[in-house]
file input.txt (compact mmCIF, C-alpha atoms)
# COMPACT_ATOMS: atom_id res chain seq x y z
CA MET A 1 0.00 0.00 0.00
CA ALA A 2 2.78 2.43 0.97
CA MET A 3 4.64 1.57 -2.22
CA ALA A 4 1.54 2.26 -4.36
CA SER A 5 1.08 5.66 -2.65
CA PHE A 6 4.73 6.57 -3.30
CA VAL A 7 4.42 5.66 -7.01
CA SER A 8 1.22 7.69 -7.28
CA LEU A 9 2.89 10.71 -5.60
CA ARG A 10 5.94 10.50 -7.91
CA THR A 11 3.64 10.32 -10.96
CA SER A 12 1.73 13.39 -9.78
CA LEU A 13 4.92 15.38 -9.18
CA SER A 14 6.27 14.46 -12.63
CA LEU A 15 3.01 15.55 -14.26
CA LEU A 16 3.09 18.83 -12.27
CA PHE A 17 6.67 19.51 -13.38
CA LEU A 18 5.81 18.91 -17.05
CA LEU A 19 2.84 21.26 -16.82
CA SER A 20 4.99 23.95 -15.13
CA LEU A 21 7.92 23.72 -17.56
CA PRO A 22 6.62 26.40 -20.05
CA LEU A 23 6.22 28.86 -17.15
CA ILE A 24 9.75 28.13 -15.94
CA LEU A 25 11.20 28.77 -19.41
CA LEU A 26 9.20 31.95 -19.80
CA PHE A 27 10.47 33.23 -16.44
CA SER A 28 14.07 32.35 -17.40
CA SER A 29 13.90 34.24 -20.69
CA HIS A 30 13.01 37.44 -18.82
CA TYR A 31 15.46 37.22 -15.93
CA ILE A 32 18.57 35.40 -17.13
CA PRO A 33 21.14 38.02 -18.25
CA SER A 34 21.19 38.34 -22.03
CA ASP A 35 24.96 38.04 -22.21
CA LEU A 36 24.66 34.41 -21.11
CA TYR A 37 22.74 33.51 -24.26
CA PRO A 38 24.59 32.40 -27.38
CA VAL A 39 24.66 35.29 -29.87
CA ARG A 40 23.64 34.70 -33.46
CA THR A 41 26.09 36.35 -35.83
CA SER A 42 25.56 37.33 -39.43
CA SER A 43 27.90 36.33 -42.23
CA HIS A 44 30.73 38.69 -43.04
CA SER A 45 29.93 41.29 -45.69
CA SER A 46 32.20 44.08 -46.90
CA VAL A 47 29.24 46.35 -47.63
CA ASN A 48 27.26 45.67 -44.46
CA VAL A 49 26.39 48.92 -42.69
CA SER A 50 26.82 47.35 -39.27
CA ILE A 51 30.19 46.16 -38.04
CA PRO A 52 30.83 42.50 -38.88
CA THR A 53 30.83 40.10 -35.95
CA SER A 54 33.16 37.60 -37.50
CA ASP A 55 36.02 37.69 -39.95
CA PRO A 56 37.60 34.66 -41.57
CA HIS A 57 40.87 36.58 -41.73
CA HIS A 58 40.89 37.69 -38.09
CA SER A 59 44.29 36.82 -36.69
CA PRO A 60 44.69 37.26 -32.91
CA PRO A 61 48.05 35.70 -32.04
CA SER A 62 50.36 38.72 -32.21
CA SER A 63 49.16 42.16 -31.15
CA LEU A 64 50.14 45.52 -29.74
CA SER A 65 48.15 47.55 -27.24
CA SER A 66 48.89 50.35 -24.83
CA SER A 67 46.89 48.83 -22.00
CA PRO A 68 48.46 45.44 -21.10
CA SER A 69 52.15 44.69 -20.87
CA PRO A 70 53.82 43.57 -24.12
CA SER A 71 54.02 39.98 -22.93
CA THR A 72 50.30 39.77 -22.10
CA SER A 73 48.16 37.87 -24.58
CA LEU A 74 45.16 40.02 -25.39
CA PRO A 75 41.71 38.45 -25.70
CA PRO A 76 39.98 38.86 -29.06
CA PRO A 77 37.82 41.98 -29.24
CA SER A 78 34.18 41.59 -28.30
CA PRO A 79 32.10 41.48 -31.48
CA PHE A 80 28.86 42.57 -29.83
CA VAL A 81 29.47 46.33 -29.49
CA PRO A 82 27.10 48.30 -31.74
CA SER A 83 28.80 50.30 -34.48
CA LYS A 84 27.74 53.65 -33.01
CA LYS A 85 29.67 52.83 -29.81
CA CYS A 86 32.80 51.60 -31.54
CA ASN A 87 35.79 53.96 -31.65
CA ILE A 88 37.72 52.69 -34.66
CA TYR A 89 40.75 54.79 -33.69
CA GLU A 90 41.34 52.98 -30.40
CA GLY A 91 42.84 49.54 -30.78
CA ARG A 92 45.96 47.55 -31.55
CA TRP A 93 48.12 46.40 -34.44
CA VAL A 94 47.88 42.65 -35.00
CA ARG A 95 50.33 40.55 -36.94
CA ASP A 96 48.76 39.40 -40.21
CA GLU A 97 50.61 36.88 -42.38
CA THR A 98 47.71 36.49 -44.84
CA ASN A 99 47.60 38.06 -48.28
CA ARG A 100 45.22 40.67 -46.87
CA THR A 101 48.13 43.01 -46.20
CA PRO A 102 49.36 44.87 -48.11
CA HIS A 103 46.59 45.77 -50.57
CA TYR A 104 49.07 46.10 -53.42
CA ALA A 105 52.51 44.61 -53.93
CA PRO A 106 55.64 46.67 -53.31
CA LYS A 107 57.03 48.20 -56.53
CA SER A 108 53.74 47.47 -58.34
CA CYS A 109 52.05 50.88 -58.20
CA PRO A 110 53.31 53.57 -60.62
CA TYR A 111 51.83 56.37 -58.51
CA VAL A 112 54.21 56.00 -55.57
CA ASP A 113 56.85 58.67 -55.94
CA GLU A 114 60.48 58.09 -55.13
CA ALA A 115 60.32 59.48 -51.57
CA PHE A 116 57.86 56.78 -50.41
CA ALA A 117 59.00 53.82 -52.53
CA CYS A 118 61.10 52.29 -49.76
CA MET A 119 61.48 48.76 -51.10
CA ALA A 120 62.25 49.99 -54.61
CA ASN A 121 64.93 52.14 -52.98
CA GLY A 122 66.57 49.15 -51.34
CA ARG A 123 64.82 48.58 -48.01
CA PRO A 124 65.64 44.92 -47.33
CA ASP A 125 62.95 43.98 -44.77
CA ASP A 126 59.18 43.72 -45.27
CA ASP A 127 57.94 43.00 -41.74
CA PHE A 128 56.47 46.50 -41.56
CA LEU A 129 53.89 45.36 -44.15
CA LYS A 130 52.57 42.51 -41.99
CA TRP A 131 50.54 44.45 -39.45
CA ARG A 132 46.81 45.17 -39.54
CA TRP A 133 44.92 47.72 -37.42
CA GLU A 134 42.20 46.20 -35.26
CA PRO A 135 39.88 48.47 -33.25
CA SER A 136 38.99 47.55 -29.67
CA GLY A 137 35.54 46.03 -29.31
CA CYS A 138 34.72 45.54 -32.99
CA LEU A 139 36.12 44.59 -36.37
CA LEU A 140 36.45 46.88 -39.37
CA PRO A 141 34.43 46.10 -42.49
CA ARG A 142 36.64 44.16 -44.86
CA PHE A 143 38.25 46.65 -47.24
CA ASN A 144 36.82 46.29 -50.74
CA ALA A 145 38.37 48.54 -53.38
CA THR A 146 35.64 47.76 -55.92
CA ASP A 147 32.92 48.70 -53.47
CA PHE A 148 34.85 51.87 -52.57
CA LEU A 149 34.81 52.88 -56.24
CA VAL A 150 31.11 52.06 -56.51
CA ARG A 151 30.46 54.45 -53.61
CA LEU A 152 32.51 57.10 -55.42
CA ARG A 153 30.62 56.72 -58.70
CA GLY A 154 30.00 60.12 -60.25
CA LYS A 155 31.74 61.90 -57.38
CA LYS A 156 34.86 63.87 -56.60
CA LEU A 157 37.06 62.89 -53.63
CA MET A 158 39.65 65.55 -52.83
CA LEU A 159 42.58 65.51 -50.40
CA VAL A 160 43.79 68.97 -49.35
CA GLY A 161 46.91 69.51 -47.27
CA ASP A 162 50.65 69.06 -47.05
CA SER A 163 52.96 66.26 -48.20
CA MET A 164 51.49 63.93 -45.58
CA ASN A 165 48.18 64.16 -47.44
CA ARG A 166 50.05 63.55 -50.70
CA ASN A 167 51.42 60.43 -48.99
CA GLN A 168 47.83 59.35 -48.30
CA PHE A 169 46.69 60.42 -51.78
CA GLU A 170 49.23 58.14 -53.45
CA SER A 171 48.18 55.29 -51.17
CA LEU A 172 44.53 55.81 -52.13
CA LEU A 173 45.35 55.75 -55.84
CA CYS A 174 47.23 52.49 -55.38
CA VAL A 175 44.56 50.66 -53.35
CA LEU A 176 41.80 51.71 -55.77
CA ARG A 177 43.91 50.81 -58.79
CA GLU A 178 43.91 47.19 -57.63
CA ALA A 179 40.17 46.98 -58.34
CA LEU A 180 40.61 47.79 -62.03
CA PRO A 181 40.96 44.87 -64.47
CA ASP A 182 42.15 47.38 -67.06
CA LYS A 183 44.62 49.72 -65.35
CA SER A 184 44.62 52.08 -68.32
CA ARG A 185 41.09 53.15 -67.34
CA MET A 186 42.67 55.27 -64.60
CA TYR A 187 44.84 58.27 -65.47
CA GLU A 188 45.87 61.81 -64.54
CA THR A 189 43.63 64.01 -66.64
CA ARG A 190 46.42 66.33 -67.81
CA GLY A 191 49.09 63.68 -68.10
CA TYR A 192 51.09 64.86 -65.08
CA ARG A 193 53.41 62.50 -63.23
CA ILE A 194 53.24 62.76 -59.44
CA THR A 195 56.15 64.75 -58.06
CA LYS A 196 56.56 66.85 -54.94
CA GLY A 197 57.13 69.91 -57.11
CA ARG A 198 53.57 69.97 -58.43
CA GLY A 199 50.66 70.81 -56.15
CA TYR A 200 47.52 69.75 -58.00
CA PHE A 201 46.59 66.35 -59.43
CA ILE A 202 43.31 64.96 -60.81
CA PHE A 203 43.00 61.21 -61.39
CA LYS A 204 40.03 59.97 -63.35
CA PHE A 205 38.51 56.51 -62.91
CA LYS A 206 36.81 56.19 -66.28
CA ASP A 207 34.51 53.25 -65.55
CA TYR A 208 33.13 54.90 -62.40
CA ASP A 209 33.03 58.49 -63.68
CA CYS A 210 34.76 59.68 -60.50
CA THR A 211 37.94 61.56 -59.67
CA VAL A 212 40.43 61.41 -56.81
CA GLU A 213 42.32 64.68 -56.47
CA PHE A 214 45.08 66.27 -54.43
CA ILE A 215 45.57 69.98 -53.72
CA ARG A 216 48.66 71.13 -51.90
CA SER A 217 47.91 73.55 -49.08
CA HIS A 218 50.53 73.48 -46.34
CA PHE A 219 48.52 75.50 -43.81
CA LEU A 220 44.92 75.65 -45.16
CA VAL A 221 45.20 79.43 -44.77
CA LYS A 222 46.72 81.93 -47.17
CA GLU A 223 50.45 82.02 -47.77
CA GLY A 224 51.88 85.24 -49.12
CA THR A 225 54.97 87.41 -49.39
CA ARG A 226 56.02 90.90 -48.35
CA THR A 227 58.86 93.13 -49.47
CA ASN A 228 61.05 94.52 -46.71
CA ARG A 229 62.93 97.83 -46.69
CA LEU A 230 65.89 96.30 -48.46
CA GLY A 231 63.69 95.11 -51.28
CA ASN A 232 63.89 91.45 -50.27
CA SER A 233 60.83 89.23 -50.48
CA ASN A 234 59.88 87.38 -47.29
CA PRO A 235 57.08 84.81 -46.74
CA THR A 236 54.00 85.59 -44.64
CA LEU A 237 50.97 83.62 -43.42
CA SER A 238 47.54 85.25 -43.10
CA ILE A 239 45.94 83.19 -40.34
CA ASP A 240 42.56 84.90 -40.82
CA ARG A 241 42.23 84.22 -44.56
CA ILE A 242 41.51 80.88 -46.22
CA ASP A 243 43.91 79.38 -48.76
CA LYS A 244 43.57 80.58 -52.35
CA SER A 245 42.70 77.03 -53.51
CA ALA A 246 39.44 77.05 -51.49
CA LYS A 247 37.30 77.78 -54.53
CA ARG A 248 38.16 74.28 -55.75
CA TRP A 249 37.19 72.70 -52.42
CA LYS A 250 33.56 73.64 -53.00
CA LYS A 251 33.33 71.28 -55.96
CA ALA A 252 34.17 68.12 -54.02
CA ASP A 253 31.74 65.51 -52.67
CA ILE A 254 34.23 64.12 -50.14
CA LEU A 255 37.00 66.28 -48.66
CA VAL A 256 39.99 65.09 -46.61
CA PHE A 257 41.96 67.92 -44.96
CA ASN A 258 45.18 68.04 -42.95
CA THR A 259 47.81 70.47 -41.75
CA GLY A 260 50.40 70.17 -39.02
CA HIS A 261 53.96 69.28 -39.95
CA TRP A 262 54.80 72.60 -41.57
CA TRP A 263 53.95 74.36 -38.32
CA THR A 264 57.16 72.97 -36.81
CA HIS A 265 59.45 74.40 -39.49
CA GLY A 266 61.81 77.25 -38.65
CA LYS A 267 60.03 80.40 -39.80
CA THR A 268 56.63 79.04 -38.74
CA ALA A 269 57.81 77.99 -35.28
CA ARG A 270 59.74 81.24 -34.64
CA GLY A 271 56.85 83.46 -35.72
CA THR A 272 59.03 86.51 -36.37
CA ASN A 273 57.59 88.94 -38.94
CA TYR A 274 55.62 86.03 -40.38
CA TYR A 275 52.02 85.87 -39.10
CA GLN A 276 49.46 88.49 -40.02
CA GLU A 277 45.80 89.25 -39.38
CA GLY A 278 43.67 91.94 -40.92
CA GLY A 279 46.66 93.06 -42.95
CA VAL A 280 48.69 93.65 -39.79
CA LEU A 281 52.04 91.85 -39.65
CA TYR A 282 53.01 90.72 -36.16
CA PRO A 283 56.68 91.31 -35.22
CA THR A 284 56.43 88.20 -33.05
CA PHE A 285 53.59 85.76 -32.55
CA ASP A 286 53.15 82.42 -30.77
CA ALA A 287 53.05 79.53 -33.25
CA VAL A 288 50.54 77.50 -31.20
CA GLU A 289 48.09 80.40 -31.06
CA ALA A 290 48.63 81.00 -34.77
CA TYR A 291 47.77 77.34 -35.43
CA ARG A 292 44.60 77.66 -33.33
CA ARG A 293 43.46 80.75 -35.23
CA ALA A 294 44.25 79.17 -38.58
CA ILE A 295 42.18 76.07 -37.76
CA ARG A 296 39.34 78.35 -36.62
CA THR A 297 39.55 80.19 -39.95
CA TRP A 298 39.29 76.86 -41.76
CA GLY A 299 36.36 75.77 -39.57
CA LYS A 300 34.44 79.00 -40.17
CA TRP A 301 34.99 78.66 -43.91
CA ILE A 302 33.63 75.10 -43.88
CA ASP A 303 30.57 76.19 -41.88
CA ARG A 304 29.82 79.01 -44.32
CA ASN A 305 30.58 77.35 -47.63
CA ILE A 306 30.02 73.57 -47.50
CA ASN A 307 26.60 71.91 -47.47
CA PRO A 308 26.56 68.90 -45.10
CA SER A 309 23.70 67.28 -47.04
CA LYS A 310 25.89 67.12 -50.15
CA THR A 311 29.47 66.87 -48.91
CA THR A 312 31.32 64.68 -46.41
CA VAL A 313 34.31 66.36 -44.73
CA PHE A 314 37.15 64.53 -42.97
CA TYR A 315 39.93 66.17 -41.04
CA ARG A 316 42.85 63.75 -40.90
CA GLY A 317 44.67 63.95 -37.60
CA TYR A 318 48.35 64.54 -36.92
CA SER A 319 50.62 61.74 -38.11
CA THR A 320 53.31 60.86 -35.58
CA ALA A 321 57.01 61.24 -36.45
CA HIS A 322 59.67 59.02 -34.85
CA PHE A 323 63.02 60.78 -34.83
CA ARG A 324 65.76 59.53 -32.50
CA GLY A 325 68.51 61.85 -31.32
CA GLY A 326 67.29 64.95 -33.10
CA ASP A 327 64.62 66.28 -35.44
CA TRP A 328 64.12 66.28 -39.20
CA ASP A 329 66.67 69.07 -39.63
CA SER A 330 69.08 68.21 -36.81
CA GLY A 331 70.30 64.67 -37.38
CA GLY A 332 67.28 62.72 -36.15
CA SER A 333 67.11 59.10 -37.29
CA CYS A 334 64.83 56.06 -37.42
CA ASN A 335 66.75 53.61 -39.59
CA GLY A 336 66.90 50.01 -38.46
CA GLU A 337 63.39 49.95 -36.97
CA LYS A 338 61.74 46.68 -38.01
CA SER A 339 58.73 46.38 -35.69
CA PRO A 340 56.14 48.65 -34.07
CA ALA A 341 56.74 50.21 -30.66
CA LEU A 342 55.60 48.07 -27.74
CA SER A 343 55.89 50.56 -24.89
CA GLY A 344 57.15 53.96 -23.88
CA PRO A 345 55.72 57.47 -23.68
CA ILE A 346 55.23 57.64 -27.45
CA ILE A 347 52.33 55.16 -27.24
CA ASN A 348 50.00 57.53 -25.38
CA ASN A 349 51.35 60.75 -26.87
CA TYR A 350 48.60 63.13 -27.98
CA PRO A 351 49.95 66.46 -29.26
CA LEU A 352 48.47 69.85 -28.43
CA LYS A 353 47.68 70.33 -32.13
CA MET A 354 45.14 67.52 -31.93
CA ARG A 355 43.47 69.00 -28.86
CA ILE A 356 43.15 72.28 -30.75
CA VAL A 357 41.62 70.49 -33.75
CA GLU A 358 39.11 68.71 -31.50
CA GLU A 359 38.24 72.00 -29.80
CA VAL A 360 37.53 73.72 -33.12
CA ILE A 361 35.58 70.82 -34.63
CA ASN A 362 33.39 70.58 -31.52
CA GLN A 363 32.48 74.25 -31.94
CA MET A 364 31.55 73.90 -35.62
CA ARG A 365 28.03 73.49 -37.00
CA PHE A 366 29.26 71.27 -39.82
CA PRO A 367 29.61 67.58 -38.77
CA VAL A 368 33.29 67.12 -39.64
CA VAL A 369 34.58 63.54 -39.27
CA LEU A 370 37.87 63.55 -37.35
CA LEU A 371 40.00 60.82 -38.91
CA ASN A 372 41.99 60.49 -35.72
CA ILE A 373 44.99 58.44 -36.82
CA THR A 374 47.39 59.98 -34.28
CA LYS A 375 47.33 57.18 -31.72
CA LEU A 376 47.52 54.36 -34.24
CA THR A 377 50.58 56.01 -35.84
CA ASN A 378 52.25 56.36 -32.42
CA TYR A 379 53.14 52.66 -32.58
CA ARG A 380 54.57 52.59 -36.09
CA LYS A 381 58.20 53.66 -35.71
CA ASP A 382 59.00 50.94 -38.26
CA GLY A 383 56.99 52.40 -41.13
CA HIS A 384 59.00 55.45 -42.22
CA PRO A 385 61.26 55.76 -45.30
CA SER A 386 64.24 56.52 -43.07
CA ILE A 387 67.30 56.21 -45.32
CA TYR A 388 65.27 54.60 -48.12
CA GLY A 389 63.65 57.73 -49.52
CA LYS A 390 65.93 57.94 -52.54
CA ILE A 391 66.83 55.60 -55.37
CA ARG A 392 70.40 54.34 -55.17
CA LYS A 393 72.59 55.51 -58.00
CA ASN A 394 74.44 53.00 -60.18
CA GLY A 395 77.14 51.29 -58.18
CA GLN A 396 76.13 52.92 -54.91
CA LYS A 397 76.34 50.33 -52.13
CA LYS A 398 75.75 52.49 -49.08
CA VAL A 399 72.99 54.98 -48.42
CA SER A 400 73.70 58.23 -46.61
CA LYS A 401 72.36 58.25 -43.05
CA ARG A 402 72.86 61.95 -42.46
CA LYS A 403 69.33 63.06 -43.34
CA GLN A 404 66.48 60.66 -42.71
CA ASP A 405 62.75 60.84 -43.29
CA CYS A 406 60.99 59.73 -40.11
CA SER A 407 57.79 61.73 -40.78
CA HIS A 408 56.40 60.35 -44.04
CA TRP A 409 55.52 56.70 -44.62
CA CYS A 410 56.63 53.91 -46.92
CA LEU A 411 54.11 52.73 -49.52
CA PRO A 412 52.66 50.19 -49.26
CA GLY A 413 52.37 50.96 -45.57
CA VAL A 414 50.60 52.81 -42.79
CA PRO A 415 48.63 55.33 -44.94
CA ASP A 416 46.81 52.37 -46.51
CA THR A 417 45.18 51.93 -43.10
CA TRP A 418 44.05 55.57 -43.09
CA ASN A 419 42.22 54.90 -46.34
CA GLU A 420 40.73 51.71 -44.89
CA LEU A 421 39.29 53.89 -42.11
CA ILE A 422 37.80 56.34 -44.61
CA TYR A 423 36.18 53.41 -46.39
CA ALA A 424 34.95 51.97 -43.08
CA THR A 425 33.44 55.32 -42.13
CA LEU A 426 31.58 55.58 -45.44
CA VAL A 427 30.26 52.05 -45.00
CA LEU A 428 29.27 52.40 -41.35
CA GLN A 429 27.57 55.75 -41.97
CA GLY A 430 25.56 54.22 -44.79
CA HIS A 431 27.15 56.43 -47.46
CA ASN A 432 25.31 56.21 -50.77
CA ARG A 433 26.02 53.06 -52.70
CA GLU A 434 24.56 52.69 -56.15
CA ALA A 435 24.12 49.34 -57.82
CA ALA A 436 27.22 48.27 -59.66

call {"tool": "encode", "arguments": {"input": "input.txt", "output": "structure tokens"}}
result
Amino acid sequence: MAMASFVSLRTSLSLLFLLSLPLILLFSSHYIPSDLYPVRTSSHSSVNVSIPTSDPHHSPPSSLSSSPSPSTSLPPPSPFVPSKKCNIYEGRWVRDETNRTPHYAPKSCPYVDEAFACMANGRPDDDFLKWRWEPSGCLLPRFNATDFLVRLRGKKLMLVGDSMNRNQFESLLCVLREALPDKSRMYETRGYRITKGRGYFIFKFKDYDCTVEFIRSHFLVKEGTRTNRLGNSNPTLSIDRIDKSAKRWKKADILVFNTGHWWTHGKTARGTNYYQEGGVLYPTFDAVEAYRRAIRTWGKWIDRNINPSKTTVFYRGYSTAHFRGGDWDSGGSCNGEKSPALSGPIINNYPLKMRIVEEVINQMRFPVVLLNITKLTNYRKDGHPSIYGKIRKNGQKKVSKRKQDCSHWCLPGVPDTWNELIYATLVLQGHNREAA
């Protein structure tokens, strides 16, 4: 009898549990933290507006970050951060042995001028080409040169600035050229060859009816000259007047600006009988304040003259130089660097110029995109031309180490990443993409 009662009770409890199971599951779905559930991820797509959650080429083993010690193995970035919360300028360089980097082979692109063609000039190592930028908390959309050109169809992309922007301009030409089956369908419209002596280039991509252009403007404000009492001509800089090339800026659909490195040169840094406002030449003037006022002049011009519904404007941040034992004009060097920096004060360096740029952009009405590449370039002491900025003459075995370029970048190289970030921004912001 007791055994029959026990069996009956167990049967009743089992039936009660089965009837209650849907309620238990419903309760769990509301109160168990969502991050304990498995997350469904979409397949990788180079034109997806949201940040991809997986990447078949993601390579975590070797990485650089300013947070942990160099010997610490970093966990892979969380793929679940929404794109609007992802800062693509904070992250690490990861070693990438796949054919994903570089986007074009060394010595293959005819638009790289001598100063940046490091491997053609005899640089023996190529490890500097095997690093890929990976933002913290998300992955960049896979760079797709064809899709980039599709987004540029019928448009004009213009880079305006100093030789650092020419460095980026040449990189952009090279990465886009790789998408063309017929390379002759891309050309400089007036037949000019890229040299540092010329300040205006227009490259046409015939099949996409678009142009990629470069305009040299060292300061973004107006350079001029004055004649002193002895009849000598001296340079001046009007920090309250926009550069004379600005009329061309209005015609662009995408603008990429920069200025910075020329503000450290002798006459600019000294500020003696050089800066002027309202036609008044200052006998002496602080270079930092002059930079601030020049950037404000640029910002006001953008606000007054560019329509944000028609034009996208980037300001590309200050690119870090890596001189040892001096500066560009005082014996500084960087030769022999074969890997990115792992530690040291350079990693977290953020120059005053960038704080000024942020201050001005935050006060503007126009939604300028700050392409903030400063921190990611802090690491890359290995990426400069150094002593390989000139072609060796016949029979020359040694290269002079007296004057080295530790400001500009080898191509292929770091500026390719800047253009990846422009592409990523256009994708993540849902920039117009017509059907191919």

call {"tool": "residues_around", "arguments": {"input": "input.txt", "residues": "Asp405 in chain A", "least_positions_apart": "5", "cutoff": "8 Å", "atoms": "all atoms listed in the file", "output": "list in words"}}
result
Trp328, Ser333, Cys334, His384, Pro385, Ser386, Ile387 and Gly389 of chain A

call {"tool": "closest_residue", "arguments": {"input": "input.txt", "among": "A:His408, A:Arg216, A:Arg229, A:His265", "to": "Ala287 in chain A", "atoms": "only C-alpha atoms"}}
result
A:His265

call {"tool": "residues_around", "arguments": {"input": "input.txt", "residues": "range 301-303 of chain A", "least_positions_apart": "2", "cutoff": "8 Å", "atoms": "only C-alpha atoms", "output": "PyMOL selection string"}}
result
chain A and resi 242+297-299+305-306+364-366

call {"tool": "residues_around", "arguments": {"input": "input.txt", "residues": "Ser184 in chain A", "least_positions_apart": "4", "cutoff": "10 Å", "atoms": "all atoms listed in the file", "output": "PyMOL selection string"}}
result
chain A and resi 177+180+205-206

call {"tool": "closest_atom_pairs", "arguments": {"input": "input.txt", "of": "range 103-184 of chain A", "to": "range 338-351 of chain A", "cutoff": "9 Å", "atoms": "all atoms listed in the file", "output": "Markdown table"}}
result
| residue | atom | partner | partner_atom | distance |
| --- | --- | --- | --- | --- |
| A:Asp125 | CA | A:Lys338 | CA | 7.4 |
| A:Asp126 | CA | A:Lys338 | CA | 8.2 |
| A:Asp127 | CA | A:Lys338 | CA | 6.5 |
| A:Phe128 | CA | A:Ser339 | CA | 6.3 |
| A:Trp131 | CA | A:Pro340 | CA | 8.8 |
